[in-house]
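Take a look at the structure set out below.
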Amino acid sequence: MAALLLTAVTTMMAETRTVPSHDGALELTFSDEGGVATYCVTYNGVEVVAPSRLGFEADFGDFTQGLTMGQYQMQFRDQVLIGKGGKKQSLGGVRYTVPFTNTKGQKMSVVFHMMRNSVSFRYEIPRPGENPKCAVIRREVSSFNFPDGTTTFLCPQIGPMTGWERTKPSYEEDYEVDQPMAKRSRFGQGYTFPCLFHQEGAWILVSEVGVDGSYVGSHLSDYSPETGYTIAFPQAGEHNGNGTPYAGIPLPYTTPWRTIIIGNSLKPIVENKVSIALLNSKYAPTEASQQIKPGRYTWSWLVWQDESINYDDQVQFVDLAANMGFEYCLVDNWWDQRIGRDKIEELSKYAQSKGVSLMLWYNSNGYENDAPQTPRDCMSTAIARDKEMAWLQKIGVKGIKVDFFGGDKQPTMQLYEDILYDANRYGLGVIFHGCTMPRGWEIMYPNYIASEAVLASENVYFSEGHAKSEAFELCLHPFIRNAMGPMDWGGSIMNKFLSRDNKSRHRRYTTDIFEMASAITNQTRIQCIAMQPNNLGELPLFELDFLKSVPTTWSDTRLLDGYPGRYVVLARQHDGDWYVAGLNAETQPKTLTITMEEWAGKTVSYYVDDPQLGPQLRQLKFDKRGRAKVTIQPNGGIILK
C-alpha cells in the first residue's frame, strides 16, 4: 500500500478508475463513460455518493460533455498540524489529478484530494494556447447525487433583494431537518452551504472552501432525481442586479474546492479539519496583523437596541466588560449620528483606560440594498476604507463588524476580500453580519474573526417564537454551520427577559447553564457574552466567575454525543485543560454517559440545572475508565471543567 501511495504517475488509461484514500476507508471512482465526467464515493464498501457529474461550461469551451479522460497523476500529501504544546496531528491525504479533453481538444483537470474522512475536488484550467487569456465560467454541472432514502438537514436559499429593506439573501433562513431529498426548497432557489445529509451508516456534509474575490460563492440547486443536487451560481438579481452571476477568471486558473466530509458518525463532521488541510494564508507571516487578540465582548444592542447607542449607555457596557475582564465592547449601528465621532474618540480612550478595546459597526453599502443604518459608504470603496481605517487605528479601535451584504456574486466576494485586506493593514479584526458563510476564511485571512450567516440571537429578541426555538437552533449549528467556519451567533444571553428592565417583553426559554455552555459549543475566537449591566447584581457568583474565565480559542475539539437539532455534547481543549459543554433541545431530560479518559479517577466541576431548572455548581467524580453519568434538562445545559 505504501508503495502505491508514493507512486507519482499511473500509466494505465481507461474509461473508469477506482482509487483509495491513503487508509483505504474511502474509495473514489471517476469515469468518462459516454463522454461525461463523473465520480462516485464508497465508504467502508457502501456507496454514499452515487455517480455524480463533473465539469463546467465556459465562454471558450464546453466541459460538460464529449470528454475523454487521460492518465491521472497521484501525489501523497502528509501535512502535519502542530497544536499548542507541540502536539502533532497528521492530516495526510492523497491527491489525484485527472485530465480531461473535450471534442475541440481543449483541456481541464479535476483535482481530487482524499483524506481519512473527506473527498474534495476542484478544477484546474490551463491557458488553451495563446488565447484566450481570460474566461467566464457560466455554470458548473458539479453535482452530489445520493442514494434513495437519504435524509437532509438544509437551509433554503431565498430570492434576491427580498426581506427587510431588500437585504437578502443573507443565509438567515430556518433549517428544515430530517426531510426527504425529493422535497422542493421553500423558495425554489436551492440550499445554502453547508448541507448535511444522513444515510444508514453514514453522515455527509457538503460545502465549499477557498472562495475569494476571484470567483463566485455557490450554493446547491433544488433536488433532481436524475442528477441529485448541482452547484448553483448566484441569482441574477443579487447585488441589486449589478454584475453577472458568472465567474470571470484569468487563465490559467484553479477553482475553489468542493468538499464532502463523510463519517459513520457525526464525529468526523464536527471535528473536521478540511480547511486547514486544503488552504493557506493569503498573507505572509510578516504581513499578518498581530494586533487582533482572541477574547470576549459586550454588546448593548441585542437587548437595549438602538436607544442604547448613546455615550452614557456605552460607558456602562465598557464598564461591564472591564468588570468581567472582557477584552472588547461592540458599539452598534448609528454610532456616528447618535454619539458622534468626537465622542467615539473619547469613548475609545475611556475604554482603553479600563483595559477594553472598542469594536465598531458599519454598513457595507454601497448600493446593494436599502438598509438605512449608518455609518454607510465607509467600507464600499478603497479610498473610503483607507481613510476610515486610518482613523480607527489612530483612536485605538481593534475591530469592525460590517453588515448587510446580501449575495454571492463576484463583486460581493471581492468586497469581502478587500475589506479584510485593508483591515489587516490597520490592525483591525473583522466580523461580517448579514452575509455569506465563511469558506475557509479563518485560514486565508488571519484578521478574519467570524461571520453571522445564520438565524442569530437578534431573532430571540425580535420574536418569542425564535426564543422558543433557540435550543433547537444551537443544537443544530455545531453539526452544520459552525462545522465549516467561525460563527458570530451573538452571545450568551443572561437576562431572564428580553428587555432592559429584565421584567417585560417575552422571556428567555433556555436556562442560565444552557447559555453559559453555548459559549463553548458556539465557536469563534472573539465571542459575544451578551450580559447586561444588571446581570452583575443578579447572577450567582459561580456563573459570573465562569463567564469571566471562559476561553474562546481551542486547540482540540471532540464530539462526545449528539444529534442535529436535538442535543449536543462537545469537549474542547484550551491550554491543556478540557471543557465539556452540553445542550438539550428535547422536551425530556437527557441522561448520558460521558467518557473522558483524561479525567479517569478525577473529580471535576459540574455546572448543571436541577429538575426545576435552577443553576447548580456541583462536583462530579469520573470512574477509573474516565466515565460519568450526566443529565441535561430540557432547554438546559451542562458544563464540566
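As shown in the C-alpha cells, the chain order sets the letters A, B, ...; within each chain, residues go from 1, and ligands are also counted from 1 in the order they appear.
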
Subject >> DSSP-assigned strand (DSSP E or B) among segment 221-420 of chain A, expressed as number ranges by chain >> reply: A: 224, 228-232, 247-250, 253-254, 257-263, 295-299, 328-331, 357-363, 399-403

Could you dump the residues just selected with N, CA, C and O atoms as a short mmCIF file (atom, residue, chain, number, x, y, z; two decimals), in the first residue's frame?
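The resulting again_30.cif:
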```cif
data_model
loop_
_atom_site.label_atom_id
_atom_site.label_comp_id
_atom_site.auth_asym_id
_atom_site.auth_seq_id
_atom_site.Cartn_x
_atom_site.Cartn_y
_atom_site.Cartn_z
N SER A 224 -32.88 17.02 -7.91
CA SER A 224 -33.35 16.39 -9.13
C SER A 224 -33.14 14.88 -9.00
O SER A 224 -32.03 14.45 -8.67
N GLY A 228 -29.37 14.63 -8.68
CA GLY A 228 -29.17 14.99 -7.30
C GLY A 228 -29.16 16.50 -7.12
O GLY A 228 -30.00 17.22 -7.66
N TYR A 229 -28.17 17.00 -6.39
CA TYR A 229 -28.02 18.43 -6.15
C TYR A 229 -26.83 18.94 -6.96
O TYR A 229 -25.76 18.34 -6.94
N THR A 230 -27.01 20.06 -7.64
CA THR A 230 -25.97 20.60 -8.52
C THR A 230 -25.48 21.93 -7.98
O THR A 230 -26.25 22.70 -7.39
N ILE A 231 -24.20 22.21 -8.19
CA ILE A 231 -23.66 23.53 -7.84
C ILE A 231 -24.44 24.61 -8.59
O ILE A 231 -24.59 24.54 -9.81
N ALA A 232 -24.94 25.58 -7.83
CA ALA A 232 -25.70 26.70 -8.42
C ALA A 232 -24.95 27.99 -8.16
O ALA A 232 -24.50 28.26 -7.04
N ALA A 247 -18.56 33.71 -13.13
CA ALA A 247 -17.23 33.95 -12.59
C ALA A 247 -16.30 34.35 -13.72
O ALA A 247 -16.10 33.59 -14.67
N GLY A 248 -15.74 35.54 -13.63
CA GLY A 248 -14.73 35.98 -14.58
C GLY A 248 -13.35 35.66 -14.04
O GLY A 248 -13.00 36.08 -12.94
N ILE A 249 -12.56 34.91 -14.81
CA ILE A 249 -11.30 34.40 -14.29
C ILE A 249 -10.17 34.65 -15.28
O ILE A 249 -10.38 34.72 -16.48
N PRO A 250 -8.92 34.77 -14.79
CA PRO A 250 -7.74 34.73 -15.67
C PRO A 250 -7.41 33.27 -15.96
O PRO A 250 -7.80 32.37 -15.23
N TYR A 253 -6.15 28.99 -14.26
CA TYR A 253 -6.93 29.27 -13.06
C TYR A 253 -7.27 27.95 -12.36
O TYR A 253 -7.48 26.92 -13.00
N THR A 254 -7.34 28.03 -11.03
CA THR A 254 -7.78 26.90 -10.22
C THR A 254 -8.99 27.33 -9.41
O THR A 254 -8.93 28.33 -8.69
N TRP A 257 -12.46 24.74 -3.83
CA TRP A 257 -12.70 23.34 -3.52
C TRP A 257 -14.17 23.09 -3.19
O TRP A 257 -14.77 23.85 -2.44
N ARG A 258 -14.73 22.02 -3.73
CA ARG A 258 -16.00 21.46 -3.28
C ARG A 258 -15.66 20.35 -2.29
O ARG A 258 -14.85 19.47 -2.61
N THR A 259 -16.22 20.36 -1.11
CA THR A 259 -15.82 19.45 -0.05
C THR A 259 -16.96 18.52 0.34
O THR A 259 -18.11 18.93 0.44
N ILE A 260 -16.61 17.25 0.56
CA ILE A 260 -17.56 16.24 1.00
C ILE A 260 -16.92 15.54 2.20
O ILE A 260 -15.93 14.82 2.06
N ILE A 261 -17.46 15.75 3.38
CA ILE A 261 -16.95 15.15 4.61
C ILE A 261 -17.88 14.00 4.98
O ILE A 261 -19.11 14.15 4.99
N ILE A 262 -17.31 12.83 5.26
CA ILE A 262 -18.08 11.60 5.40
C ILE A 262 -17.67 10.87 6.67
O ILE A 262 -16.47 10.76 6.97
N GLY A 263 -18.65 10.38 7.42
CA GLY A 263 -18.34 9.57 8.59
C GLY A 263 -19.46 8.61 8.91
O GLY A 263 -20.61 8.85 8.54
N GLY A 295 -10.81 36.83 22.48
CA GLY A 295 -11.41 37.34 23.71
C GLY A 295 -12.93 37.34 23.67
O GLY A 295 -13.55 36.65 22.87
N ARG A 296 -13.52 38.14 24.56
CA ARG A 296 -14.98 38.25 24.69
C ARG A 296 -15.39 39.71 24.53
O ARG A 296 -14.59 40.61 24.77
N TYR A 297 -16.65 39.94 24.14
CA TYR A 297 -17.12 41.32 24.04
C TYR A 297 -18.53 41.47 24.60
O TYR A 297 -19.33 40.54 24.59
N THR A 298 -18.79 42.68 25.09
CA THR A 298 -20.15 43.06 25.49
C THR A 298 -20.81 43.79 24.34
O THR A 298 -20.14 44.36 23.47
N TRP A 299 -22.16 43.82 24.37
CA TRP A 299 -22.91 44.34 23.22
C TRP A 299 -24.28 44.82 23.72
O TRP A 299 -25.13 44.00 24.08
N TYR A 328 -13.26 43.34 24.84
CA TYR A 328 -13.85 44.22 23.84
C TYR A 328 -15.27 44.65 24.24
O TYR A 328 -15.94 43.99 25.02
N CYS A 329 -15.68 45.77 23.63
CA CYS A 329 -17.07 46.23 23.68
C CYS A 329 -17.45 46.65 22.27
O CYS A 329 -16.75 47.45 21.64
N LEU A 330 -18.56 46.10 21.77
CA LEU A 330 -19.03 46.41 20.42
C LEU A 330 -20.08 47.51 20.48
O LEU A 330 -21.09 47.39 21.19
N VAL A 331 -19.85 48.59 19.73
CA VAL A 331 -20.81 49.69 19.60
C VAL A 331 -21.50 49.53 18.26
O VAL A 331 -20.85 49.55 17.21
N SER A 357 -11.01 47.36 24.54
CA SER A 357 -10.93 47.97 23.22
C SER A 357 -12.30 47.97 22.57
O SER A 357 -13.09 47.03 22.74
N LEU A 358 -12.58 49.02 21.80
CA LEU A 358 -13.85 49.11 21.09
C LEU A 358 -13.79 48.34 19.77
O LEU A 358 -12.75 48.25 19.12
N MET A 359 -14.96 47.83 19.37
CA MET A 359 -15.23 47.40 18.00
C MET A 359 -16.43 48.21 17.53
O MET A 359 -17.36 48.46 18.31
N LEU A 360 -16.43 48.61 16.27
CA LEU A 360 -17.49 49.49 15.74
C LEU A 360 -18.21 48.82 14.58
O LEU A 360 -17.60 48.15 13.75
N TRP A 361 -19.53 49.07 14.51
CA TRP A 361 -20.39 48.54 13.45
C TRP A 361 -20.35 49.45 12.22
O TRP A 361 -20.28 50.68 12.34
N TYR A 362 -20.45 48.81 11.01
CA TYR A 362 -20.54 49.55 9.75
C TYR A 362 -21.54 48.89 8.82
O TYR A 362 -21.70 47.66 8.82
N ASN A 363 -22.19 49.71 8.00
CA ASN A 363 -23.00 49.24 6.88
C ASN A 363 -22.07 49.03 5.69
O ASN A 363 -21.25 49.90 5.38
N GLY A 399 -11.49 46.43 16.12
CA GLY A 399 -12.27 45.56 15.25
C GLY A 399 -13.46 46.27 14.64
O GLY A 399 -13.91 47.30 15.14
N ILE A 400 -13.97 45.70 13.55
CA ILE A 400 -15.17 46.23 12.89
C ILE A 400 -16.14 45.08 12.63
O ILE A 400 -15.75 43.94 12.39
N LYS A 401 -17.41 45.42 12.70
CA LYS A 401 -18.49 44.49 12.33
C LYS A 401 -19.19 45.12 11.13
O LYS A 401 -19.77 46.21 11.23
N VAL A 402 -19.11 44.45 9.98
CA VAL A 402 -19.65 45.01 8.74
C VAL A 402 -20.88 44.19 8.34
O VAL A 402 -20.82 42.97 8.25
N ASP A 403 -21.98 44.89 8.06
CA ASP A 403 -23.30 44.27 7.95
C ASP A 403 -23.92 44.54 6.58
O ASP A 403 -23.50 45.45 5.86
#
```

Original post:
Ala277 of chain A: which residues within 12 Å, counting only C-alpha atoms, same-chain residues fewer than 3 positions away excluded, as a PyMOL selection string?
Top reply: chain A and resi 77-81+89-95+113-116+118-120+209-210+257+259+272-274+280-281+440+443-444

For the selection just defined, write its residues with C-alpha atoms to a file, as a PDB file, in the first residue's frame.
```
ATOM      1  CA  ARG A  77       0.460  14.635   0.825  1.00  0.00           C
ATOM      2  CA  ASP A  78       1.322  14.352   4.511  1.00  0.00           C
ATOM      3  CA  GLN A  79       0.536  17.684   6.110  1.00  0.00           C
ATOM      4  CA  VAL A  80       1.176  17.855   9.852  1.00  0.00           C
ATOM      5  CA  LEU A  81      -0.821  20.156  12.124  1.00  0.00           C
ATOM      6  CA  GLN A  89      -1.656  15.548  14.162  1.00  0.00           C
ATOM      7  CA  SER A  90      -1.285  14.148  10.655  1.00  0.00           C
ATOM      8  CA  LEU A  91      -3.662  15.498   8.022  1.00  0.00           C
ATOM      9  CA  GLY A  92      -2.181  13.155   5.440  1.00  0.00           C
ATOM     10  CA  GLY A  93      -4.067  12.694   2.226  1.00  0.00           C
ATOM     11  CA  VAL A  94      -3.661  11.617  -1.347  1.00  0.00           C
ATOM     12  CA  ARG A  95      -4.277  13.881  -4.330  1.00  0.00           C
ATOM     13  CA  HIS A 113      -7.974  15.458  -2.504  1.00  0.00           C
ATOM     14  CA  MET A 114      -8.812  12.449  -0.327  1.00  0.00           C
ATOM     15  CA  MET A 115      -8.319  12.362   3.425  1.00  0.00           C
ATOM     16  CA  ARG A 116      -9.440   9.874   6.049  1.00  0.00           C
ATOM     17  CA  SER A 118     -13.291  13.517   3.106  1.00  0.00           C
ATOM     18  CA  VAL A 119     -13.198  13.846  -0.655  1.00  0.00           C
ATOM     19  CA  SER A 120     -12.721  17.326  -2.098  1.00  0.00           C
ATOM     20  CA  VAL A 209     -13.803  26.340   0.765  1.00  0.00           C
ATOM     21  CA  GLY A 210     -11.207  28.610  -0.780  1.00  0.00           C
ATOM     22  CA  TRP A 257     -12.697  23.337  -3.516  1.00  0.00           C
ATOM     23  CA  THR A 259     -15.819  19.452  -0.047  1.00  0.00           C
ATOM     24  CA  ASN A 272     -13.156  18.075  10.502  1.00  0.00           C
ATOM     25  CA  LYS A 273     -10.013  19.980   9.538  1.00  0.00           C
ATOM     26  CA  VAL A 274     -10.666  20.171   5.803  1.00  0.00           C
ATOM     27  CA  ASN A 280      -3.071  28.516   3.108  1.00  0.00           C
ATOM     28  CA  SER A 281      -2.966  32.057   4.417  1.00  0.00           C
ATOM     29  CA  GLY A 440     -12.117  28.734   4.963  1.00  0.00           C
ATOM     30  CA  ILE A 443      -7.196  30.169   7.340  1.00  0.00           C
ATOM     31  CA  MET A 444      -6.929  32.535   4.364  1.00  0.00           C
TER      32      MET A 444
END
```

**OP:** Just the residues within 12 Å of Thr162 of chain A, please, counting only C-alpha atoms, with nothing from its chain fewer than 6 positions along; format it as a PyMOL selection string.
**Re:** chain A and resi 168-170+172+187+237-240+368-371+406-407

Contacts of Ile529 of chain A within 12 Å, only C-alpha atoms, excl. fewer than 3 positions in-chain, as a PDB file with C-alpha atoms, in the first residue's frame:
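around14.pdb, written as the output of this step:
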```
ATOM      1  CA  GLY A 295     -11.409  37.342  23.705  1.00  0.00           C
ATOM      2  CA  ARG A 296     -14.978  38.251  24.695  1.00  0.00           C
ATOM      3  CA  TYR A 297     -17.121  41.323  24.043  1.00  0.00           C
ATOM      4  CA  THR A 298     -20.147  43.057  25.494  1.00  0.00           C
ATOM      5  CA  TRP A 299     -22.912  44.337  23.224  1.00  0.00           C
ATOM      6  CA  SER A 300     -25.717  46.670  24.262  1.00  0.00           C
ATOM      7  CA  LEU A 302     -29.059  42.898  21.463  1.00  0.00           C
ATOM      8  CA  PHE A 317     -21.121  48.386  28.679  1.00  0.00           C
ATOM      9  CA  LEU A 320     -19.340  45.847  32.293  1.00  0.00           C
ATOM     10  CA  ALA A 321     -16.592  44.486  30.032  1.00  0.00           C
ATOM     11  CA  MET A 324     -15.846  40.922  33.725  1.00  0.00           C
ATOM     12  CA  GLY A 325     -12.300  41.049  32.355  1.00  0.00           C
ATOM     13  CA  PHE A 326     -13.568  41.037  28.769  1.00  0.00           C
ATOM     14  CA  GLU A 327     -11.344  42.394  26.056  1.00  0.00           C
ATOM     15  CA  TYR A 328     -13.855  44.220  23.842  1.00  0.00           C
ATOM     16  CA  CYS A 329     -17.066  46.233  23.681  1.00  0.00           C
ATOM     17  CA  LEU A 330     -19.033  46.409  20.418  1.00  0.00           C
ATOM     18  CA  SER A 457     -29.546  35.844  18.519  1.00  0.00           C
ATOM     19  CA  ASP A 488     -20.863  35.012  15.362  1.00  0.00           C
ATOM     20  CA  TRP A 489     -24.268  33.915  16.663  1.00  0.00           C
ATOM     21  CA  GLY A 490     -24.410  36.850  19.021  1.00  0.00           C
ATOM     22  CA  GLY A 491     -23.897  35.882  22.578  1.00  0.00           C
ATOM     23  CA  SER A 492     -24.757  34.036  25.735  1.00  0.00           C
ATOM     24  CA  ILE A 493     -27.962  35.861  26.753  1.00  0.00           C
ATOM     25  CA  MET A 494     -28.092  36.178  30.538  1.00  0.00           C
ATOM     26  CA  ASN A 495     -31.214  38.326  31.020  1.00  0.00           C
ATOM     27  CA  GLU A 515     -26.457  29.974  27.791  1.00  0.00           C
ATOM     28  CA  MET A 516     -23.112  29.550  29.536  1.00  0.00           C
ATOM     29  CA  ALA A 517     -22.496  26.223  27.763  1.00  0.00           C
ATOM     30  CA  SER A 518     -23.275  27.837  24.405  1.00  0.00           C
ATOM     31  CA  ALA A 519     -20.162  29.989  24.841  1.00  0.00           C
ATOM     32  CA  ILE A 520     -18.273  26.710  24.364  1.00  0.00           C
ATOM     33  CA  ASN A 522     -20.591  28.086  19.572  1.00  0.00           C
ATOM     34  CA  THR A 524     -15.467  31.929  17.335  1.00  0.00           C
ATOM     35  CA  ILE A 526     -13.900  36.642  19.727  1.00  0.00           C
ATOM     36  CA  GLN A 532     -26.379  43.370  30.656  1.00  0.00           C
ATOM     37  CA  PRO A 533     -25.116  45.647  33.460  1.00  0.00           C
ATOM     38  CA  ASN A 535     -26.667  40.901  35.492  1.00  0.00           C
ATOM     39  CA  LEU A 544     -20.100  35.269  36.902  1.00  0.00           C
ATOM     40  CA  PHE A 546     -17.310  31.091  34.837  1.00  0.00           C
ATOM     41  CA  LEU A 547     -18.174  33.819  32.325  1.00  0.00           C
ATOM     42  CA  LYS A 548     -15.125  35.799  33.403  1.00  0.00           C
ATOM     43  CA  SER A 549     -12.827  32.927  32.544  1.00  0.00           C
ATOM     44  CA  VAL A 550     -14.446  31.068  29.615  1.00  0.00           C
ATOM     45  CA  PRO A 551     -11.900  30.637  26.789  1.00  0.00           C
ATOM     46  CA  THR A 552     -12.624  31.403  23.135  1.00  0.00           C
TER      47      THR A 552
END
```

**OP:** For atom CA of Lys641 of chain A and atom CA of Phe514 of chain A, determine how far apart the two atoms are, in Å to one decimal place.
**Re:**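 Rounded to one decimal, the two atoms are 15.0 Å apart.
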